[in-house]
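Taking it in order: structure first as structure tokens, then the write-up.
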Amino acid sequence: MNTRRGLLGAGALGALWALGGCALQPDADHRGDDAPAALPLSNKPRVAWVFSSGGPRGYAHLGVLQALDELGLQPDLLVGASVGALVAVLRAAGMPAADMVRAGLAMQPWQLLRWAPGGSQRWTAGGLADWVQQAVGQRPLQALPLPVLVAAQRLHDGTVLGFNHGHAGLAVQAACAIEGQFTPVRIRGDLYADADLRMPLPVRLARAAGATRVLAVDASAHEDRAPEGASRYRAGDLRKRALTDPDTRLADVLLHPDVGYWVSLSDDFKRRAIAAGHAATLAAAPALRTLHAT
């Protein structure tokens, strides 16, 4: 079944288990020392990799990482929004792209969700938070091998922050709390949700953190190649492009893999998206090598 915007699909190696069940406190306020926080980086980064939102199109990010590994390139900072935040945190934790691909093909979205009775939405991505925390070895964001910024929107004023300290799982849960679909995450009294409706490609966060060179990976649709029958999605495509354009202009190298207009969570689509990301990255190999040159 085709869908324009679906649930996240990605994973890690190891036993796959059902993380279903209830979120007993879907609106709990996380105020402890391990609550996610956006703090200044201790060192100024040079090269940043920025991964966009995109739902199932985010599988293209995995192909990009595969190709970057093949090229032997490494960043000083990782930044991500929504599914891009999940990918960024897993890479910051040291997970090889090949492992992410294998497990991403196996994981099912329902394993990452929990029913949220009493919450503002029927579902929470609390299972995702638990899963991420397991995948990163229970380490907080600041203890991961590479610095990472997890983009999340503060709902009361629309500000997009980059969490880089505290509980990795909660930060990713907030980044993936799609408005209108998942219950937002309350952190120190403020509600946080997916940055997709504000900054789907958070290059500005990378620049604000001091990055001097930026690779941006845009997993949005190619609206100029929309097929017949897609006209009802035109307004959404144009809204997304208007939100993305300010950040694409700030990138030194932009990758925009073409995974096709229609998306799904089928194995065929996942593999096609991964292949598109891989091909787009290898095609830009000369520019990427220049970007990372000392």
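Scheme for the structure tokens: letters A, B, ... for chains in order shown; per-chain residue numbers from 1; ligand numbers from 1 in order shown.
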
**OP:** For Gln138 in chain A, please output as a list in words all residues within 9 Å (counting only C-alpha atoms; exclusion window: fewer than 2 positions along the same chain).
**Re:** Val132, Gln133, Gln134, Ala135, Val136, Pro140, His167, Ala168 and Gly169 of chain A

**OP:** May I have all residues of range 84-236 of chain A that DSSP, computed from the backbone, assigns to helix (DSSP H, G or I), given as a PyMOL selection string?
**Re:** chain A and resi 84-92+97-106+109-112+126-135+141-143+168-175+195-197+203-208+223-225+231-236

**OP:** Extract, using only C-alpha atoms, all DNA, RNA and protein residues at most 8 Å from Val47 in chain A, discarding same-chain residues fewer than 6 positions from it, and format them as a list in words.
**Re:**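 So, after excluding close chain neighbours, the residues are Pro75, Asp76, Leu77, Ala211, Thr212, Arg213, Val214, Leu215, Leu291 and His292 of chain A.
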
Limited to N, CA, C and O atoms, could you put the picked residues into a file as a PDB file, in the first residue's frame?
```pdb
ATOM      1  N   PRO A  75      32.619  12.611   9.524  1.00  0.00           N
ATOM      2  CA  PRO A  75      32.274  13.985   9.911  1.00  0.00           C
ATOM      3  C   PRO A  75      32.841  14.325  11.290  1.00  0.00           C
ATOM      4  O   PRO A  75      33.337  13.449  12.014  1.00  0.00           O
ATOM      5  N   ASP A  76      32.734  15.586  11.636  1.00  0.00           N
ATOM      6  CA  ASP A  76      33.034  16.034  13.003  1.00  0.00           C
ATOM      7  C   ASP A  76      31.751  16.225  13.799  1.00  0.00           C
ATOM      8  O   ASP A  76      31.800  16.326  15.024  1.00  0.00           O
ATOM      9  N   LEU A  77      30.618  16.299  13.091  1.00  0.00           N
ATOM     10  CA  LEU A  77      29.327  16.524  13.733  1.00  0.00           C
ATOM     11  C   LEU A  77      28.239  15.883  12.891  1.00  0.00           C
ATOM     12  O   LEU A  77      28.278  15.947  11.660  1.00  0.00           O
ATOM     13  N   ALA A 211      29.921  24.633  12.403  1.00  0.00           N
ATOM     14  CA  ALA A 211      30.393  23.844  11.266  1.00  0.00           C
ATOM     15  C   ALA A 211      30.733  24.747  10.099  1.00  0.00           C
ATOM     16  O   ALA A 211      29.950  25.620   9.722  1.00  0.00           O
ATOM     17  N   THR A 212      31.908  24.549   9.498  1.00  0.00           N
ATOM     18  CA  THR A 212      32.339  25.372   8.373  1.00  0.00           C
ATOM     19  C   THR A 212      32.082  24.713   7.025  1.00  0.00           C
ATOM     20  O   THR A 212      32.098  25.375   5.987  1.00  0.00           O
ATOM     21  N   ARG A 213      31.857  23.397   7.029  1.00  0.00           N
ATOM     22  CA  ARG A 213      31.543  22.666   5.804  1.00  0.00           C
ATOM     23  C   ARG A 213      30.375  21.728   6.105  1.00  0.00           C
ATOM     24  O   ARG A 213      30.407  21.013   7.113  1.00  0.00           O
ATOM     25  N   VAL A 214      29.389  21.707   5.210  1.00  0.00           N
ATOM     26  CA  VAL A 214      28.177  20.943   5.496  1.00  0.00           C
ATOM     27  C   VAL A 214      27.762  20.099   4.295  1.00  0.00           C
ATOM     28  O   VAL A 214      27.603  20.612   3.182  1.00  0.00           O
ATOM     29  N   LEU A 215      27.593  18.804   4.557  1.00  0.00           N
ATOM     30  CA  LEU A 215      26.921  17.904   3.629  1.00  0.00           C
ATOM     31  C   LEU A 215      25.486  17.765   4.116  1.00  0.00           C
ATOM     32  O   LEU A 215      25.250  17.385   5.267  1.00  0.00           O
ATOM     33  N   LEU A 291      35.134  18.311   0.017  1.00  0.00           N
ATOM     34  CA  LEU A 291      34.533  18.832   1.238  1.00  0.00           C
ATOM     35  C   LEU A 291      35.284  18.368   2.475  1.00  0.00           C
ATOM     36  O   LEU A 291      35.434  19.133   3.450  1.00  0.00           O
ATOM     37  N   HIS A 292      35.765  17.141   2.464  1.00  0.00           N
ATOM     38  CA  HIS A 292      36.414  16.568   3.646  1.00  0.00           C
ATOM     39  C   HIS A 292      37.932  16.734   3.641  1.00  0.00           C
ATOM     40  O   HIS A 292      38.597  16.322   4.600  1.00  0.00           O
TER      41      HIS A 292
END
```

Original post:
Pick from A:Ala287, A:Ala81, A:Cys176, A:Ala235: nearest to Val160 in chain A, with only C-alpha atoms counted?
Top reply: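 Checking each of A:Ala287, A:Ala81, A:Cys176, A:Ala235 against Val160 in chain A, counting only C-alpha atoms, the winner is A:Ala81.
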
Subject >> From A:Leu288, A:Ala275, A:Ile178, A:Val263, residue lying nearest Asp196 in chain A [only C-alpha atoms] >> reply: A:Ile178

Original post:
In Å to one decimal, how far is CA of Gln108 in chain A from CA of Asp237 in chain A?
Top reply: 26.4 Å
